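*Asks:* Take a look at this one; I'll ask things after.
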Amino acid sequence: MHAITIEKPGGPEALVWAEAPDPVAGDGEVIVEVAASAVNRADVLQRQGFYNPPPGASPHPGLECSGRISAIGPGVSGWSVGDEVCALLSGGGYAQRVAVPAGQLLPVPAGVDLVTAAALPEVVSTVWSNVFMVAGLRPGETLLVHGGSSGIGTMAIQLAKAVGARVAVTAGGKEKLARCAELGADILIDYREQDFVEELRAATDGAGADVILDIMGAKYLTRNVDALAVNGRLAIIGLQGGVKAELNLAALLAKRAAITATTLRARPLEEKAAIVAAVREHVWPLVATGRIHPVVHATYPMSEASEAHRVMESSTHVGKLLLTT
């Protein structure tokens, strides 16, 4: 098969479409003939040499894909060759074929075409597991999403609104904020010109956010705690603003607040399977009825993954960037 290979870490030009060994379905796995994959920040970090795949995972980037099952390994039930699926991956999505644990497969939801389905697994699993399974966002509460126009952000807005929450977002510029508003965001904060803590407090009568979904890490840690409501929950899923910060624990205690930090890629198979099952139960019906939809900025041939990475790093996009085989 062909796959995107990374001979040595570097810029987007390090992504090379080349021949690679075909995957083999192990126990509990299927082979998916890939129709499309999607670009995630983790792929950029892997290309740069900062985020290696977990042991046993494919060396190729790509944390999600869509396609058709072409082979089934031992111990797999409930799936058949030819089924159209999308999947959460530990790697390998930037390829013509990939081995997938059966617990990480999802049927392509009604109303979504096969290619577009590649935009769903990673963002939906990330948002559902962090905002709902861990942070427990409830109807009537306020969610603050940093990076509201990203793939994660556009999905978080829609899911939070679908369950009856109020949504605040940060994004850079009026155009991106307008797109967030179209998706249902109630409080729009331009991080380039406004202080998100002040704006959030003003919009919530001083209460703050019940849940914050954060991609920045260290840079925003102290201010995120300031922005939390009493009994608030801060869910950190990214480190774009650094890895080390000092925190006044008294501020956390005063708010009876909680901080969690998670990654999805390296979780055990059973944890990923539980998340995927929850997504299928709770989110797929919302997609099928059109209340939730993937937001796709652009689609590129997989052989041009380097260009898609350049767009990702420029942060000029809204939603997901897809790669097709």
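Simple scheme: letters A, B, ... for chains in structure tokens order, numbers from 1 for residues in each chain, numbers from 1 for ligands in the order shown.
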Write out as a ChimeraX atom specification the set of residues from segment 36-194 of chain A that DSSP, computed on the backbone, places in strand (DSSP E or B).
*Replies:* /A:36-38,64-72,84-88,95,97-101,105-107,142-146,150,166-171,187-190
*Asks:* Quick one: everything within 7 Å of Ile31 of chain A, counting only C-alpha atoms, minus sequence neighbours fewer than 2 positions away in the same chain. Send it as an NGL selection string.
*Replies:* :A and (25 or 29 or 33 or 69-72 or 97-100)
*Asks:* Tell me which protein, DNA and RNA residues are within 6 Å of segment 141-151 of chain A, counting only C-alpha atoms, leaving out same-chain ones fewer than 2 positions away, and put them as a PyMOL selection string.
*Replies:* chain A and resi 138-139+153-154+165-171+176+209-214+318-320
*Asks:* Go ahead and save the residues from that selection, with N, CA and C atoms, as a short mmCIF file (atom, residue, chain, number, x, y, z; two decimals), in the first residue's frame.
*Replies:*
```cif
data_model
loop_
_atom_site.label_atom_id
_atom_site.label_comp_id
_atom_site.auth_asym_id
_atom_site.auth_seq_id
_atom_site.Cartn_x
_atom_site.Cartn_y
_atom_site.Cartn_z
N ARG A 138 -23.81 19.81 32.45
CA ARG A 138 -25.24 19.57 32.59
C ARG A 138 -26.05 20.69 31.91
N PRO A 139 -27.31 20.41 31.59
CA PRO A 139 -28.17 21.44 31.01
C PRO A 139 -28.22 22.67 31.92
N GLY A 153 -13.34 22.54 18.81
CA GLY A 153 -14.22 23.62 19.24
C GLY A 153 -15.58 23.60 18.55
N THR A 154 -15.57 23.38 17.23
CA THR A 154 -16.84 23.39 16.51
C THR A 154 -17.74 22.25 16.95
N ALA A 165 -26.80 23.45 27.27
CA ALA A 165 -25.84 24.30 27.99
C ALA A 165 -25.68 25.63 27.26
N ARG A 166 -25.11 26.59 27.98
CA ARG A 166 -24.74 27.88 27.40
C ARG A 166 -23.27 27.80 27.03
N VAL A 167 -22.88 28.36 25.87
CA VAL A 167 -21.51 28.18 25.38
C VAL A 167 -20.82 29.52 25.16
N ALA A 168 -19.65 29.63 25.75
CA ALA A 168 -18.75 30.76 25.49
C ALA A 168 -17.55 30.23 24.74
N VAL A 169 -17.01 31.02 23.81
CA VAL A 169 -15.85 30.60 23.04
C VAL A 169 -14.82 31.72 22.98
N THR A 170 -13.56 31.31 22.85
CA THR A 170 -12.52 32.24 22.44
C THR A 170 -12.07 31.84 21.04
N ALA A 171 -11.79 32.83 20.22
CA ALA A 171 -11.26 32.60 18.88
C ALA A 171 -10.60 33.88 18.42
N LYS A 176 -13.93 34.16 12.51
CA LYS A 176 -14.00 32.89 13.24
C LYS A 176 -15.10 32.94 14.30
N ALA A 209 -17.49 30.15 34.29
CA ALA A 209 -17.83 28.94 33.54
C ALA A 209 -17.87 27.74 34.46
N ASP A 210 -18.88 26.92 34.28
CA ASP A 210 -18.97 25.68 35.04
C ASP A 210 -17.96 24.66 34.54
N VAL A 211 -17.73 24.65 33.22
CA VAL A 211 -16.74 23.75 32.62
C VAL A 211 -15.93 24.54 31.61
N ILE A 212 -14.62 24.32 31.61
CA ILE A 212 -13.73 24.92 30.60
C ILE A 212 -13.00 23.81 29.88
N LEU A 213 -13.06 23.82 28.54
CA LEU A 213 -12.31 22.89 27.71
C LEU A 213 -11.11 23.63 27.16
N ASP A 214 -9.92 23.23 27.59
CA ASP A 214 -8.72 24.03 27.35
C ASP A 214 -7.69 23.30 26.50
N VAL A 318 -11.32 26.81 9.77
CA VAL A 318 -12.42 26.62 10.72
C VAL A 318 -12.91 25.19 10.57
N GLY A 319 -12.85 24.40 11.62
CA GLY A 319 -13.27 23.01 11.55
C GLY A 319 -12.14 22.11 11.14
N LYS A 320 -12.47 21.05 10.40
CA LYS A 320 -11.53 19.97 10.11
C LYS A 320 -10.92 20.08 8.72
#
```
*Asks:* Using only C-alpha atoms, which of A:His317, A:Arg179, A:Lys174, A:Arg47 sits nearest Pro61 of chain A?
*Replies:* A:Arg47
*Asks:* Among segment 15-93 of chain A, which residues carry a DSSP assignment of helix (DSSP H, G or I), reported as a list of chain:residue names?
*Replies:*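 Helix (DSSP H, G or I) assignments inside segment 15-93 of chain A correspond to A:Arg41, A:Ala42, A:Asp43, A:Val44, A:Leu45, A:Gln46, A:Arg47, A:Gln48.
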*Asks:* I'd like the contact shell of Glu281 of chain A - 12 Å cut-off, only C-alpha atoms, skipping same-chain residues fewer than 6 positions apart - returned as a list in words.
*Replies:*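 Listed by chain and then number, they are Leu106, Pro107, Pro109, Ser125, Trp128, Ala274, Ile275, Val287 and Ala288 of chain A.
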*Asks:* Could the residues in this selection be written to a file with C-alpha atoms, as a CSV table (one decimal), in the first residue's frame?
*Replies:*
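Now in again-v7.csv:
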```
chain,number,residue,atom,x,y,z
A,106,LEU,CA,-18.3,3.2,14.5
A,107,PRO,CA,-20.9,2.9,11.7
A,109,PRO,CA,-23.9,7.8,10.8
A,125,SER,CA,-14.6,11.1,21.3
A,128,TRP,CA,-17.7,13.6,24.8
A,274,ALA,CA,-16.0,2.5,26.4
A,275,ILE,CA,-15.7,6.1,25.0
A,287,VAL,CA,-25.8,13.3,14.0
A,288,ALA,CA,-28.4,11.2,12.3
```
*Asks:* Give me, please, the distance in Å between atom CA of Trp284 of chain A and atom CA of Ala308 of chain A, quoted to one decimal.
*Replies:*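 About the pair atom CA of Trp284 of chain A and atom CA of Ala308 of chain A: they are 27.2 Å apart.
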*Asks:* Please compute the atom CA of Leu253 of chain A-atom CA of Ile237 of chain A distance, one decimal, in Å.
*Replies:* 21.9 Å
